[in-house]
file final30.cif (mmCIF, C-alpha atoms)
data_model
loop_
_atom_site.label_atom_id
_atom_site.label_comp_id
_atom_site.auth_asym_id
_atom_site.auth_seq_id
_atom_site.Cartn_x
_atom_site.Cartn_y
_atom_site.Cartn_z
CA MET A 28 86.35 79.11 83.12
CA ALA A 29 86.49 81.41 86.13
CA GLU A 30 85.21 84.96 85.57
CA ARG A 31 85.37 88.30 87.31
CA LEU A 32 81.78 89.47 87.75
CA MET A 33 81.70 93.25 87.29
CA VAL A 34 78.30 94.73 88.16
CA VAL A 35 77.46 98.24 87.01
CA VAL A 36 74.49 99.74 88.83
CA GLY A 37 72.29 102.12 86.86
CA TYR A 38 69.01 103.89 87.56
CA GLU A 39 66.69 106.40 85.96
CA ALA A 40 68.64 109.37 84.53
CA ALA A 41 72.01 107.69 85.01
CA GLU A 42 74.83 109.10 82.87
CA LEU A 43 75.41 106.98 79.77
CA LEU A 44 79.13 107.84 79.65
CA ASP A 45 79.61 106.76 83.26
CA ILE A 46 78.32 103.34 82.26
CA ALA A 47 79.94 103.10 78.82
CA CYS A 48 83.43 104.11 79.98
CA VAL A 49 83.42 101.16 82.37
CA THR A 50 81.75 98.56 80.18
CA THR A 51 83.67 99.39 77.00
CA THR A 52 87.04 99.34 78.75
CA LEU A 53 86.34 95.94 80.30
CA ALA A 54 85.04 94.53 77.00
CA MET A 55 88.19 95.71 75.26
CA ALA A 56 90.32 94.08 77.93
CA ASN A 57 88.56 90.77 77.22
CA GLY A 58 88.88 91.13 73.46
CA ILE A 59 92.47 92.34 73.31
CA GLY A 60 94.13 90.35 76.04
CA ALA A 61 91.98 87.22 76.32
CA PRO A 62 92.87 87.11 80.04
CA ALA A 63 92.81 83.79 81.84
CA VAL A 64 90.14 85.21 84.14
CA PRO A 65 87.99 87.39 81.84
CA TYR A 66 85.50 89.99 82.89
CA ARG A 67 81.80 89.27 82.92
CA VAL A 68 79.96 92.58 82.89
CA LEU A 69 76.37 93.01 83.99
CA LEU A 70 74.26 96.15 84.01
CA ALA A 71 71.79 95.98 86.88
CA GLY A 72 68.94 98.32 87.69
CA PRO A 73 65.82 98.50 89.84
CA GLY A 74 63.44 95.75 88.82
CA GLY A 75 65.57 94.88 85.81
CA ALA A 76 63.60 97.45 83.81
CA PRO A 77 65.13 99.37 80.87
CA LEU A 78 67.15 102.37 82.07
CA VAL A 79 66.34 105.76 80.58
CA CYS A 80 69.64 107.62 80.76
CA GLY A 81 69.95 111.33 81.38
CA SER A 82 70.51 111.85 77.66
CA GLY A 83 67.20 110.14 76.86
CA LEU A 84 68.77 107.01 75.40
CA VAL A 85 67.47 103.73 76.77
CA LEU A 86 69.69 100.87 77.95
CA GLY A 87 68.45 97.35 78.54
CA SER A 88 69.10 96.35 82.12
CA GLU A 89 70.53 92.82 82.11
CA ARG A 90 69.69 91.93 85.67
CA SER A 91 67.32 93.02 88.40
CA LEU A 92 69.26 94.65 91.21
CA GLU A 93 66.90 93.04 93.72
CA ARG A 94 67.53 89.51 92.42
CA LEU A 95 71.28 89.82 91.98
CA VAL A 96 73.38 87.83 94.44
CA GLY A 97 77.11 87.56 95.04
CA PRO A 98 79.86 86.87 95.07
CA VAL A 99 80.69 89.93 92.98
CA ASP A 100 84.22 90.91 92.03
CA THR A 101 83.54 94.64 91.61
CA LEU A 102 80.37 96.65 92.23
CA ILE A 103 80.37 99.99 90.38
CA VAL A 104 77.62 102.57 90.92
CA SER A 105 77.23 105.05 88.07
CA GLY A 106 76.45 108.71 88.47
CA GLY A 107 74.00 110.89 86.60
CA THR A 108 71.40 113.57 87.05
CA GLY A 109 69.14 111.04 88.76
CA PHE A 110 71.60 110.31 91.56
CA GLU A 111 69.64 112.21 94.21
CA ARG A 112 66.50 110.17 93.58
CA ALA A 113 68.60 107.03 93.58
CA ALA A 114 70.28 107.99 96.86
CA ALA A 115 66.85 108.64 98.39
CA ASP A 116 65.52 105.26 97.25
CA ALA A 117 65.82 103.10 100.36
CA ARG A 118 65.38 99.85 98.43
CA LEU A 119 68.03 100.67 95.86
CA VAL A 120 70.46 101.86 98.52
CA GLY A 121 69.76 98.78 100.62
CA HIS A 122 70.59 96.44 97.75
CA VAL A 123 73.78 98.37 96.97
CA ARG A 124 74.74 97.97 100.63
CA ARG A 125 73.93 94.25 100.52
CA LEU A 126 75.89 93.63 97.34
CA ALA A 127 78.83 95.63 98.67
CA ARG A 128 79.19 93.08 101.47
CA GLU A 129 79.50 90.38 98.81
CA SER A 130 81.98 92.29 96.62
CA ARG A 131 85.77 92.31 96.56
CA ARG A 132 85.82 95.92 95.36
CA VAL A 133 83.23 98.67 95.51
CA ALA A 134 83.36 101.76 93.34
CA SER A 135 81.42 104.77 92.17
CA VAL A 136 81.72 107.08 89.21
CA CYS A 137 80.95 110.78 89.42
CA THR A 138 77.82 111.49 91.50
CA GLY A 139 77.41 107.77 92.15
CA ALA A 140 79.41 108.59 95.28
CA GLY A 141 76.18 109.99 96.67
CA VAL A 142 74.60 106.54 96.50
CA LEU A 143 77.59 104.92 98.21
CA ALA A 144 77.46 107.61 100.89
CA ALA A 145 73.75 107.04 101.45
CA ALA A 146 74.53 103.35 101.93
CA GLY A 147 77.11 104.22 104.59
CA LEU A 148 79.89 102.77 102.47
CA LEU A 149 81.98 105.95 102.56
CA ASP A 150 81.75 106.62 106.29
CA GLY A 151 85.19 107.57 107.60
CA ARG A 152 86.70 107.16 104.14
CA ARG A 153 88.33 109.62 101.81
CA ALA A 154 86.36 109.95 98.59
CA THR A 155 85.94 112.12 95.53
CA THR A 156 83.17 112.98 93.13
CA HIS A 157 82.54 115.43 90.31
CA TRP A 158 83.98 118.78 91.41
CA ARG A 159 80.63 120.49 90.87
CA PHE A 160 78.93 118.25 93.45
CA ALA A 161 81.74 117.83 95.98
CA ARG A 162 80.52 120.52 98.37
CA ARG A 163 77.00 119.09 98.30
CA LEU A 164 78.33 115.61 99.13
CA ALA A 165 80.41 116.98 102.01
CA GLU A 166 77.51 118.96 103.45
CA ARG A 167 75.06 116.06 103.28
CA HIS A 168 77.51 113.45 104.52
CA PRO A 169 79.93 115.06 107.01
CA GLU A 170 81.16 111.60 107.95
CA VAL A 171 82.79 111.34 104.49
CA ILE A 172 86.20 112.92 103.89
CA VAL A 173 85.49 114.57 100.55
CA ASP A 174 88.43 115.60 98.38
CA PRO A 175 87.19 117.35 95.21
CA ALA A 176 90.56 117.44 93.47
CA PRO A 177 91.69 113.93 92.42
CA ILE A 178 90.54 112.04 89.37
CA TYR A 179 89.97 109.00 91.55
CA VAL A 180 90.64 107.88 95.10
CA ARG A 181 91.19 104.46 96.58
CA ASP A 182 90.53 103.97 100.28
CA GLY A 183 90.84 100.31 101.18
CA ASN A 184 88.65 98.33 98.80
CA VAL A 185 86.43 101.33 98.03
CA TYR A 186 87.18 103.45 94.96
CA THR A 187 85.51 106.70 93.97
CA ALA A 188 86.07 108.42 90.62
CA ALA A 189 85.44 112.02 89.69
CA GLY A 190 83.40 113.30 86.78
CA VAL A 191 82.28 111.18 83.84
CA THR A 192 85.37 110.19 81.80
CA SER A 193 87.43 109.64 84.95
CA ALA A 194 85.68 106.26 84.78
CA LEU A 195 88.20 105.42 82.05
CA ASP A 196 91.11 106.09 84.40
CA LEU A 197 89.51 104.10 87.19
CA THR A 198 88.68 101.13 84.97
CA LEU A 199 92.18 101.10 83.44
CA ALA A 200 93.47 101.00 87.01
CA PHE A 201 91.29 97.93 87.62
CA VAL A 202 92.63 96.26 84.47
CA GLU A 203 96.20 96.96 85.53
CA GLU A 204 95.50 95.72 89.05
CA ASP A 205 93.89 92.53 87.78
CA HIS A 206 96.00 91.69 84.72
CA GLY A 207 99.12 93.86 84.77
CA PRO A 208 100.29 97.05 83.06
CA GLU A 209 100.81 95.58 79.59
CA LEU A 210 97.13 94.79 79.06
CA ALA A 211 96.20 98.21 80.46
CA ARG A 212 98.56 99.79 77.92
CA GLN A 213 97.02 97.84 75.06
CA VAL A 214 93.48 98.81 76.07
CA ALA A 215 94.51 102.45 76.44
CA ARG A 216 95.95 102.43 72.93
CA ASP A 217 92.68 101.14 71.49
CA LEU A 218 90.74 103.71 73.51
CA VAL A 219 93.12 106.40 72.21
CA VAL A 220 93.81 107.73 75.69
CA TYR A 221 96.87 108.13 77.86
CA LEU A 222 97.59 104.94 79.77
CA GLN A 223 96.45 106.42 83.05
CA ARG A 224 96.39 109.90 84.43
CA PRO A 225 97.71 109.90 87.99
CA GLY A 226 94.79 109.41 90.32
CA ASN A 227 95.56 112.63 92.13
CA GLN A 228 95.89 114.77 89.02
CA ALA A 229 93.57 117.73 89.50
CA GLN A 230 90.18 117.25 87.84
CA MET A 231 90.15 120.73 86.37
CA SER A 232 92.61 122.73 84.35
CA LEU A 233 93.41 126.10 85.89
CA PHE A 234 92.40 127.81 82.67
CA THR A 235 89.02 126.08 82.45
CA ALA A 236 88.28 125.97 86.19
CA THR A 237 88.88 129.64 86.87
CA PRO A 238 85.90 131.83 85.92
CA PRO A 239 86.79 134.25 83.12
CA ALA A 240 87.86 137.60 84.51
CA ARG A 241 85.28 140.34 84.04
CA ASP A 242 87.84 143.12 84.35
CA ASP A 243 89.70 144.04 81.14
CA VAL A 244 92.96 144.59 83.02
CA VAL A 245 92.90 141.16 84.65
CA ARG A 246 91.75 139.44 81.46
CA ALA A 247 94.63 140.95 79.46
CA LEU A 248 97.16 139.95 82.11
CA VAL A 249 95.81 136.39 82.26
CA GLU A 250 96.33 136.10 78.52
CA HIS A 251 99.85 137.50 78.88
CA ILE A 252 100.69 135.04 81.66
CA ALA A 253 99.46 132.09 79.62
CA ALA A 254 101.44 133.16 76.55
CA HIS A 255 104.66 134.12 78.38
CA PRO A 256 105.15 131.93 81.47
CA ASP A 257 108.93 132.49 81.27
CA ALA A 258 108.64 136.30 81.40
CA ASP A 259 109.01 138.53 84.45
CA LEU A 260 105.60 137.96 86.02
CA SER A 261 106.21 139.51 89.40
CA THR A 262 103.35 141.53 90.82
CA ALA A 263 105.34 144.72 90.27
CA ALA A 264 106.03 143.85 86.63
CA LEU A 265 102.41 142.91 85.95
CA ALA A 266 101.17 146.07 87.64
CA ALA A 267 103.53 148.20 85.55
CA ARG A 268 102.34 146.47 82.39
CA ALA A 269 98.72 147.19 83.30
CA GLY A 270 99.39 150.74 84.46
CA VAL A 271 98.04 150.20 87.98
CA THR A 272 99.60 149.97 91.41
CA PRO A 273 100.64 146.54 92.78
CA ARG A 274 98.12 146.98 95.59
CA HIS A 275 95.28 147.69 93.17
CA LEU A 276 96.32 144.73 90.98
CA THR A 277 96.30 142.40 93.98
CA ARG A 278 92.80 143.58 94.85
CA LEU A 279 91.61 142.98 91.28
CA PHE A 280 93.09 139.46 91.11
CA THR A 281 91.65 138.55 94.50
CA GLU A 282 88.19 139.76 93.51
CA GLN A 283 88.23 138.25 90.01
CA LEU A 284 90.28 135.05 90.42
CA GLY A 285 90.19 134.30 94.12
CA GLY A 286 93.87 134.81 94.87
CA SER A 287 96.88 137.06 94.53
CA PRO A 288 98.74 137.59 91.23
CA GLY A 289 101.69 135.60 92.58
CA ARG A 290 99.48 132.65 93.40
CA TYR A 291 97.87 132.68 89.97
CA VAL A 292 101.25 132.92 88.22
CA ARG A 293 102.64 129.98 90.19
CA GLN A 294 99.66 127.82 89.26
CA ALA A 295 99.75 128.89 85.63
CA ARG A 296 103.45 128.05 85.39
CA THR A 297 102.91 124.71 87.08
CA GLU A 298 100.15 123.78 84.67
CA ALA A 299 102.25 124.87 81.71
CA ALA A 300 104.98 122.59 83.06
CA ALA A 301 102.54 119.70 83.32
CA GLN A 302 101.62 120.13 79.67
CA LEU A 303 105.28 120.20 78.62
CA LEU A 304 106.13 117.17 80.74
CA ALA A 305 103.37 115.18 79.08
CA SER A 306 104.01 116.32 75.52
CA SER A 307 107.76 116.89 75.19
CA THR A 308 111.12 115.30 75.91
CA LEU A 309 112.69 118.49 77.25
CA PRO A 310 114.99 117.83 80.22
CA MET A 311 113.67 118.96 83.58
CA ALA A 312 115.87 122.06 83.58
CA GLY A 313 114.52 122.96 80.14
CA VAL A 314 110.92 122.59 81.27
CA ALA A 315 111.69 124.74 84.32
CA ALA A 316 113.25 127.49 82.19
CA ARG A 317 110.47 127.41 79.60
CA CYS A 318 107.84 127.81 82.33
CA GLY A 319 109.54 130.54 84.33
CA PHE A 320 110.96 128.54 87.22
CA GLY A 321 114.44 129.49 88.28
CA SER A 322 115.62 125.92 88.55
CA ALA A 323 114.54 122.31 88.27
CA GLU A 324 114.31 122.23 92.07
CA ALA A 325 111.93 125.20 92.09
CA LEU A 326 109.80 123.38 89.52
CA ARG A 327 109.86 120.22 91.62
CA GLN A 328 108.69 122.05 94.74
CA ALA A 329 105.87 123.89 92.96
CA PHE A 330 104.76 120.79 91.08
CA THR A 331 104.73 118.60 94.18
CA ASP A 332 102.78 121.24 96.09
CA ARG A 333 100.10 121.31 93.39
CA TYR A 334 99.86 117.69 92.26
CA GLY A 335 101.29 115.71 95.16
CA ILE A 336 103.88 113.92 92.97
CA SER A 337 107.22 114.88 91.49
CA PRO A 338 107.54 116.10 87.88
CA SER A 339 109.55 113.00 86.94
CA ARG A 340 106.89 110.62 88.24
CA TYR A 341 104.19 112.64 86.51
CA ARG A 342 106.07 112.46 83.22
CA ALA A 343 106.51 108.71 83.58
CA ALA A 344 102.80 108.22 84.24
CA MET A 345 101.76 110.45 81.34
CA ARG A 346 104.21 109.00 78.82
CA PRO A 347 102.26 107.97 75.71
CA ALA A 348 102.05 104.22 75.19
CA ARG A 349 103.72 104.55 71.77
CA GLU A 350 107.09 105.08 73.46
CA GLY A 351 106.93 101.40 74.41
CA GLY A 352 108.71 99.60 77.19
CA ARG A 353 107.75 99.30 80.81
CA ARG A 354 106.58 102.42 82.54
CA ASP A 355 109.06 103.76 85.06
CA ASP A 356 106.37 103.53 87.71
CA ALA A 357 104.10 100.76 86.51
CA GLY A 358 100.95 100.88 88.56
CA ALA A 359 101.82 104.26 90.00
CA GLY A 360 98.62 105.79 88.66
CA ARG A 361 96.66 103.36 90.77
CA ASP A 362 98.91 103.74 93.80
CA ARG A 363 98.82 107.51 93.67
CA GLY A 364 95.06 107.32 93.46
CA GLN A 365 95.23 105.67 96.86
CA GLU A 366 97.77 108.04 98.33
CA ALA A 367 96.63 111.27 96.70
CA SER A 368 97.38 114.27 98.84
CA PRO A 369 94.97 117.09 99.67
CA ARG A 370 97.76 119.35 98.39
CA SER A 371 96.49 118.57 94.91
CA ARG A 372 93.37 120.65 95.47
CA PRO A 373 92.87 123.24 92.72
CA GLY A 374 93.46 126.84 93.62
CA PRO A 375 91.15 129.67 92.60
CA ALA A 376 88.34 127.29 91.64
#
call {"tool": "encode", "arguments": {"input": "final30.cif", "output": "structure tokens"}}
result
Amino acid sequence: MAERLMVVVGYEAAELLDIACVTTTLAMANGIGAPAVPYRVLLAGPGGAPLVCGSGLVLGSERSLERLVGPVDTLIVSGGTGFERAAADARLVGHVRRLARESRRVASVCTGAGVLAAAGLLDGRRATTHWRFARRLAERHPEVIVDPAPIYVRDGNVYTAAGVTSALDLTLAFVEEDHGPELARQVARDLVVYLQRPGNQAQMSLFTATPPARDDVVRALVEHIAAHPDADLSTAALAARAGVTPRHLTRLFTEQLGGSPGRYVRQARTEAAAQLLASSTLPMAGVAARCGFGSAEALRQAFTDRYGISPSRYRAAMRPAREGGRRDDAGAGRDRGQEASPRSRPGPA
């Protein structure tokens, strides 16, 4: 029986979740769907020695990276706290480069992008990585077009995923690409995750990405904005509520949150809309009204500016698998991962 050889590359202090998200998803695809061309998953590391993960747990390496030969269907380099040592290891990087030439697809998870970049595999390509390390990757490899926002990016046959559990989204995209959306849906149900987040969905929530405001005035207004997105949240109204001048409020927001009150409100409303689109069946006009947008068209413009896709396509991609039927945009999560726009960059973060 033909097989798809999926090689996961690990190293000392690799992230266990980076590895497990990939290997578990592929194993589930084999067990649930019994595809005609099943996945054969190998964990390879330097010398074939056991891999001590960043958490301290030890994984048995199934194959020596140095002895592994192609053809390989997909080569996936994991991330982890040891990625800098791995990227500086000329032998490891050389074997990743060699195997990439013998692979149909090449991918990285999280900081594994640093290893691909060291191998020259991201030169001239758009790529992502964990948001915390994106600037470092861009500074060390100016030849790489680093976009810190998307969950994953496809550029040709090279895929890069963001932090840790984005490996689930990337691997589900592989399953859908290889075996169709129905198997991807079934695997997602067993994993208890949404089928696929759009590839260009921002990695970070506005409310978790933005540092907590130190100023009591700003902190109170942020809480008010989150609780009442449909209220009058103009700068004048917020300033009156706080008992300060609009000019002073703008200065406080810029210092504390990196942008004007109007900018923060727009992002907060857009994120509230994203949550409603994913969790409710409200019509678009209802979502717009609930989140403080004057019309469905105003919602569409703000949403597209932030996420790079329309609210309707986002809702279709985020629809829970239990609703059944064919997704309105089957495969769109994968396609949008390829076409993700820089407009999806997070704001104040």
call {"tool": "resolve_selection", "arguments": {"input": "final30.cif", "expression": "the PyMOL selection byres ((chain A and resi 80) around 12)", "output": "list in words"}}
result
Gly37, Tyr38, Glu39, Ala40, Ala41, Glu42, Leu43, Leu44, Asp45, Ile46, Ala47, Gly72, Pro77, Leu78, Val79, Gly81, Ser82, Gly83, Leu84, Val85, Leu86, Gly87, Ser88, Ser105, Gly106, Gly107, Thr108, Gly109 and Phe110 of chain A
call {"tool": "residues_around", "arguments": {"input": "final30.cif", "residues": "Ala263 of chain A", "least_positions_apart": "5", "cutoff": "10 Å", "atoms": "all atoms listed in the file", "output": "VMD selection string"}}
result
chain A and resid 268 to 269 271 to 274 276 288
call {"tool": "residues_around", "arguments": {"input": "final30.cif", "residues": "Phe330 of chain A", "least_positions_apart": "5", "cutoff": "12 Å", "atoms": "all atoms listed in the file", "output": "ChimeraX atom specification"}}
result
/A:228-229,293-302,304,311,314-315,318,320,323-325,335-342,370-371
call {"tool": "resolve_selection", "arguments": {"input": "final30.cif", "expression": "the PyMOL selection byres ((chain A and resi 113-129) around 10)", "output": "ChimeraX atom specification"}}
result
/A:34,36-41,72-74,92-104,106-112,130-134,138-148,185
call {"tool": "resolve_selection", "arguments": {"input": "final30.cif", "expression": "the PyMOL selection byres ((chain A and resi 90) around 6)", "output": "PyMOL selection string"}}
result
chain A and resi 71+75+88-89+91
call {"tool": "atom_distance", "arguments": {"input": "final30.cif", "atom1": "atom CA of Ala211 of chain A", "atom2": "atom CA of Arg159 of chain A"}}
result
29.1 Å
call {"tool": "residues_around", "arguments": {"input": "final30.cif", "residues": "Gly60 of chain A", "least_positions_apart": "6", "cutoff": "10 Å", "atoms": "only C-alpha atoms", "output": "list of chain:residue names"}}
result
A:His206, A:Glu209, A:Leu210, A:Ala211, A:Gln213, A:Val214
call {"tool": "axis_aligned_box", "arguments": {"input": "final30.cif", "around": "segment 289-294 of chain A", "padding_each_side": "5 Å", "output": "AutoDock Vina command-line options"}}
result
--center_x 100.3 --center_y 131.7 --center_z 90.8 --size_x 14.8 --size_y 17.8 --size_z 15.2
call {"tool": "atom_distance", "arguments": {"input": "final30.cif", "atom1": "atom CA of Arg212 of chain A", "atom2": "atom CA of Asp182 of chain A"}}
result
24.1 Å
call {"tool": "atom_distance", "arguments": {"input": "final30.cif", "atom1": "atom CA of Thr50 of chain A", "atom2": "atom CA of Val35 of chain A"}}
result
8.1 Å
call {"tool": "decode", "arguments": {"input": "final30.cif", "residues": "segment 53-63 of chain A", "atoms": "all heavy atoms", "output": "PDB file, in the first residue's frame"}}
result
ATOM      1  N   LEU A  53      -2.512  13.426  12.500  1.00  0.00           N
ATOM      2  CA  LEU A  53      -2.302  12.497  11.391  1.00  0.00           C
ATOM      3  C   LEU A  53      -2.703  11.080  11.781  1.00  0.00           C
ATOM      4  O   LEU A  53      -3.285  10.345  10.974  1.00  0.00           O
ATOM      5  CB  LEU A  53      -0.840  12.542  10.950  1.00  0.00           C
ATOM      6  CG  LEU A  53      -0.361  13.882  10.374  1.00  0.00           C
ATOM      7  CD1 LEU A  53       1.134  13.850  10.094  1.00  0.00           C
ATOM      8  CD2 LEU A  53      -1.134  14.236   9.094  1.00  0.00           C
ATOM      9  N   ALA A  54      -2.396  10.683  13.026  1.00  0.00           N
ATOM     10  CA  ALA A  54      -2.793   9.346  13.481  1.00  0.00           C
ATOM     11  C   ALA A  54      -4.307   9.218  13.513  1.00  0.00           C
ATOM     12  O   ALA A  54      -4.867   8.173  13.145  1.00  0.00           O
ATOM     13  CB  ALA A  54      -2.205   9.073  14.865  1.00  0.00           C
ATOM     14  N   MET A  55      -4.993  10.259  13.936  1.00  0.00           N
ATOM     15  CA  MET A  55      -6.456  10.235  13.943  1.00  0.00           C
ATOM     16  C   MET A  55      -7.002  10.132  12.531  1.00  0.00           C
ATOM     17  O   MET A  55      -7.988   9.433  12.275  1.00  0.00           O
ATOM     18  CB  MET A  55      -7.003  11.479  14.632  1.00  0.00           C
ATOM     19  CG  MET A  55      -6.976  11.425  16.142  1.00  0.00           C
ATOM     20  SD  MET A  55      -7.931  12.779  16.864  1.00  0.00           S
ATOM     21  CE  MET A  55      -7.903  12.287  18.588  1.00  0.00           C
ATOM     22  N   ALA A  56      -6.384  10.836  11.602  1.00  0.00           N
ATOM     23  CA  ALA A  56      -6.832  10.763  10.214  1.00  0.00           C
ATOM     24  C   ALA A  56      -6.733   9.331   9.698  1.00  0.00           C
ATOM     25  O   ALA A  56      -7.638   8.840   9.001  1.00  0.00           O
ATOM     26  CB  ALA A  56      -6.006  11.704   9.338  1.00  0.00           C
ATOM     27  N   ASN A  57      -5.662   8.636  10.043  1.00  0.00           N
ATOM     28  CA  ASN A  57      -5.514   7.231   9.641  1.00  0.00           C
ATOM     29  C   ASN A  57      -6.586   6.366  10.291  1.00  0.00           C
ATOM     30  O   ASN A  57      -7.201   5.517   9.643  1.00  0.00           O
ATOM     31  CB  ASN A  57      -4.136   6.707  10.048  1.00  0.00           C
ATOM     32  CG  ASN A  57      -3.036   7.155   9.104  1.00  0.00           C
ATOM     33  OD1 ASN A  57      -3.300   7.603   7.991  1.00  0.00           O
ATOM     34  ND2 ASN A  57      -1.802   7.043   9.541  1.00  0.00           N
ATOM     35  N   GLY A  58      -6.809   6.570  11.596  1.00  0.00           N
ATOM     36  CA  GLY A  58      -7.730   5.708  12.326  1.00  0.00           C
ATOM     37  C   GLY A  58      -9.185   5.945  11.985  1.00  0.00           C
ATOM     38  O   GLY A  58      -9.976   5.002  11.918  1.00  0.00           O
ATOM     39  N   ILE A  59      -9.545   7.197  11.751  1.00  0.00           N
ATOM     40  CA  ILE A  59     -10.949   7.525  11.493  1.00  0.00           C
ATOM     41  C   ILE A  59     -11.336   7.261  10.046  1.00  0.00           C
ATOM     42  O   ILE A  59     -12.376   6.671   9.755  1.00  0.00           O
ATOM     43  CB  ILE A  59     -11.213   9.002  11.839  1.00  0.00           C
ATOM     44  CG1 ILE A  59     -11.064   9.236  13.337  1.00  0.00           C
ATOM     45  CG2 ILE A  59     -12.605   9.425  11.384  1.00  0.00           C
ATOM     46  CD1 ILE A  59     -11.076  10.696  13.722  1.00  0.00           C
ATOM     47  N   GLY A  60     -10.478   7.715   9.138  1.00  0.00           N
ATOM     48  CA  GLY A  60     -10.870   7.670   7.735  1.00  0.00           C
ATOM     49  C   GLY A  60     -10.356   6.483   6.960  1.00  0.00           C
ATOM     50  O   GLY A  60     -10.845   6.192   5.876  1.00  0.00           O
ATOM     51  N   ALA A  61      -9.362   5.781   7.484  1.00  0.00           N
ATOM     52  CA  ALA A  61      -8.721   4.690   6.758  1.00  0.00           C
ATOM     53  C   ALA A  61      -8.491   5.086   5.301  1.00  0.00           C
ATOM     54  O   ALA A  61      -8.971   4.450   4.368  1.00  0.00           O
ATOM     55  CB  ALA A  61      -9.583   3.423   6.833  1.00  0.00           C
ATOM     56  N   PRO A  62      -7.772   6.206   5.070  1.00  0.00           N
ATOM     57  CA  PRO A  62      -7.583   6.686   3.701  1.00  0.00           C
ATOM     58  C   PRO A  62      -6.832   5.682   2.837  1.00  0.00           C
ATOM     59  O   PRO A  62      -6.049   4.870   3.335  1.00  0.00           O
ATOM     60  CB  PRO A  62      -6.766   7.969   3.886  1.00  0.00           C
ATOM     61  CG  PRO A  62      -6.097   7.817   5.208  1.00  0.00           C
ATOM     62  CD  PRO A  62      -7.032   7.019   6.052  1.00  0.00           C
ATOM     63  N   ALA A  63      -7.092   5.749   1.550  1.00  0.00           N
ATOM     64  CA  ALA A  63      -6.448   4.832   0.612  1.00  0.00           C
ATOM     65  C   ALA A  63      -4.934   4.993   0.643  1.00  0.00           C
ATOM     66  O   ALA A  63      -4.190   4.025   0.453  1.00  0.00           O
ATOM     67  CB  ALA A  63      -6.983   5.076  -0.797  1.00  0.00           C
TER      68      ALA A  63
END
